[in-house]
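**Q** Submitted below is the structure of interest, expressed as structure tokens.
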Amino acid sequence: MKIGIIGIGMLGNAVAMHLLESGFEVTAYNRTKEKTTTLKEKGAKIVLTPKDVAVNSDLVIIVVKDADAVKEISFQKDGIIEGKHEKLIVADMSTINPSESKNISKEFLKNSIQKLDIPVMGGPNVAISGELVMMVSGNKESFEECRKVFEKIANKVFFLGDSGVAHSVKLAMNLQITMLALALSEGITLVKESKVDPKIFLEILNSTYFKTGMSEKKAYKMIDGKYDVTFTLANLKKDINTMIDASKSLGIELPMTSKAQEVYGKAVKEGFGEMDYTGIIEYIKKINESD
């Protein structure tokens with residue numbers, strides 16, 4: 001199966017690199033062509049339009065910022081649909097509103113193209129070795145056709161049902177990241193102000209079932225002020241906005257998510273947006289220093 005990747009950011013690049021290393025033929029497109037240089041050196045075919053990706057691929061994986069970007073590269077001039085052919089399947093790894101995902105899938109179907117939702121958990125640091133966790137929804141037959149590729153990208157793949165469902169679960173997963181980063185930031189801030197070594201706090205936390213992968217790994221870097229960017233704070237803020245939009249369309253309230261939206265929004269305005277999302281602790285520090 002020939003693979004196309006549209007969107008060569010940190011995640012898209014890592015997925016493409018892993019597929020190349022696994023022996024797949026990869027065609028890539030990115031609006032900023034300079035970001036494709038490394039992929040080209042590793043053997044990827046770099047093309048000028050999303051249409052060209054579709055023409056050269058059996059499976060096109062989209063990894064872009066938001067639903068507007070998905071629609072632009074899919075349906076506008078030189079978009080994916082202009083390169084359609086009988087074997088083509090599209091899979092969207094972007095994090096978008098489930099209702100938007102359903103509408104995009106319907107638009108692809110009008111053009112006789114099956115679209116799958118394939119959001120993932122895990123950053124480029126695990127994508128490069130194929131250890132992502134993938135949630136899939138959409139046409140089951142198309143999923144089965146692509147299963148071997150997905151199982152190369154991720155070490156766990158969950159098929160969840162109809163279009164849009166995987167994006168609902170992805171938003172719920174990113175909600176956990178949102179709250180965990182805040183909880184650790186405020187916990188570390190609280191114990192430091194109480195003259196307690198925050199590493200003792202983490203040792204105690206990680207001795208209980210309240211521990212998480214974040215508390216066992218990234219939290220220590222948060223204490224030391226070291227932030228290896230795997231997912232920016234600004235991108236998480238964008239996903240929080242999507243969580244709120246999705247909750248409104250479902251007629252439900254997410255009060256803590258609404259508060260987190262406010263906190264992360266202020267952090268982005270204060271200039272922390274390009275840091276790793278765990279850099280929210282720096283915003284918490286700043287507002288306490290100014291009190």
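Residues are named by chain letter and number: chains run A, B, ... in the order of the structure tokens, numbers start at 1 in each chain, and ligands are numbered from 1 in the order shown.
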Extract the full set of helix (DSSP H, G or I) residues from range 107-137 of chain A according to DSSP on the backbone, and format it as JSON, numbers by chain.
**A** {"A": [107, 108, 109, 110, 124, 125, 126, 127]}
**Q** Quick one: pick out all strand (DSSP E or B) residues within range 128-241 of chain A from a backbone DSSP run and write them as a PyMOL selection string.
**A** chain A and resi 132-137+154-159+232
**Q** As a compact mmCIF listing (two decimals) with N, CA and C atoms, in the first residue's frame, please: the residues near Asp117 in chain A (cut-off 8 Å, only C-alpha atoms, same-chain neighbours under 6 positions excluded).
**A**
# COMPACT_ATOMS: atom_id res chain seq x y z
N ALA A 91 -7.52 9.09 5.59
CA ALA A 91 -7.59 8.91 7.04
C ALA A 91 -7.11 10.19 7.72
N ASP A 92 -7.95 10.74 8.59
CA ASP A 92 -7.65 12.03 9.22
C ASP A 92 -7.14 11.83 10.65
N MET A 93 -5.87 12.18 10.86
CA MET A 93 -5.24 12.08 12.18
C MET A 93 -5.32 13.39 12.97
N SER A 101 -16.07 16.32 11.66
CA SER A 101 -15.57 15.08 11.06
C SER A 101 -16.66 14.38 10.26
N MET A 135 -7.14 5.59 17.69
CA MET A 135 -8.59 5.40 17.75
C MET A 135 -9.14 5.57 16.34
N VAL A 136 -9.92 4.62 15.87
CA VAL A 136 -10.40 4.64 14.48
C VAL A 136 -11.93 4.60 14.45
N SER A 137 -12.51 5.39 13.57
CA SER A 137 -13.95 5.26 13.30
C SER A 137 -14.21 5.56 11.83
N GLY A 138 -15.33 5.02 11.36
CA GLY A 138 -15.68 5.15 9.95
C GLY A 138 -16.07 3.81 9.36
N SER A 163 -18.39 7.20 11.91
CA SER A 163 -17.64 8.45 11.74
C SER A 163 -17.90 9.43 12.88
N GLY A 164 -16.82 10.04 13.35
CA GLY A 164 -16.91 11.04 14.41
C GLY A 164 -16.62 10.51 15.80
N ALA A 166 -14.32 8.43 16.99
CA ALA A 166 -12.91 8.45 17.41
C ALA A 166 -12.49 9.85 17.85
N HIS A 167 -13.03 10.87 17.18
CA HIS A 167 -12.67 12.24 17.57
C HIS A 167 -13.29 12.62 18.92
**Q** Which is closer to Thr37 in chain A than all the others in A:Glu151, A:Ser249, A:Lys51, A:Asn13, using only C-alpha atoms?
**A** A:Asn13
**Q** Quick one: everything within 6 Å of range 257-273 of chain A, counting only C-alpha atoms, minus sequence neighbours fewer than 2 positions away in the same chain. Send it as a ChimeraX atom specification.
**A** /A:233-234,237,240,254-255,275,283
**Q** So how far away is CA of Lys65 in chain A from CA of Glu82 in chain A, in Å?
**A**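 Going from CA of Glu82 in chain A over to CA of Lys65 in chain A, I get 21.5 Å.
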**Q** Near Lys45 in chain A, within 10 Å and counting only C-alpha atoms, which residues show up once chain neighbours fewer than 3 positions away are dropped, as a PyMOL selection string?
**A** chain A and resi 4+25-29+36+39-42+53+56
**Q** I want to know what sits within 10 Å of range 206-223 of chain A, based on only C-alpha atoms, with residues of the same chain fewer than 2 positions away left out; could you give that as a PyMOL selection string?
**A** chain A and resi 177+180-181+183-185+188-189+192+197-204+225-228+278-282
**Q** For Asp58 in chain A, find every residue with an atom within 9 Å (counting only C-alpha atoms), except residues of its own chain fewer than 4 positions away, and show them as a tab-separated table (two decimals) with C-alpha atoms, in the first residue's frame.
**A**
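Okay, part.tsv is ready:
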chain	number	residue	atom	x	y	z
A	1	MET	CA	0.00	0.00	0.00
A	2	LYS	CA	1.38	3.38	-1.04
A	3	ILE	CA	1.02	6.02	1.68
A	4	GLY	CA	0.54	9.78	1.41
A	54	ALA	CA	-3.83	11.47	-3.71
A	85	HIS	CA	-9.07	7.12	-7.93
A	86	GLU	CA	-10.78	3.80	-7.29
A	87	LYS	CA	-8.44	2.55	-4.53
A	88	LEU	CA	-8.14	5.82	-2.57
A	89	ILE	CA	-8.89	5.93	1.17
A	90	VAL	CA	-8.38	9.05	3.31
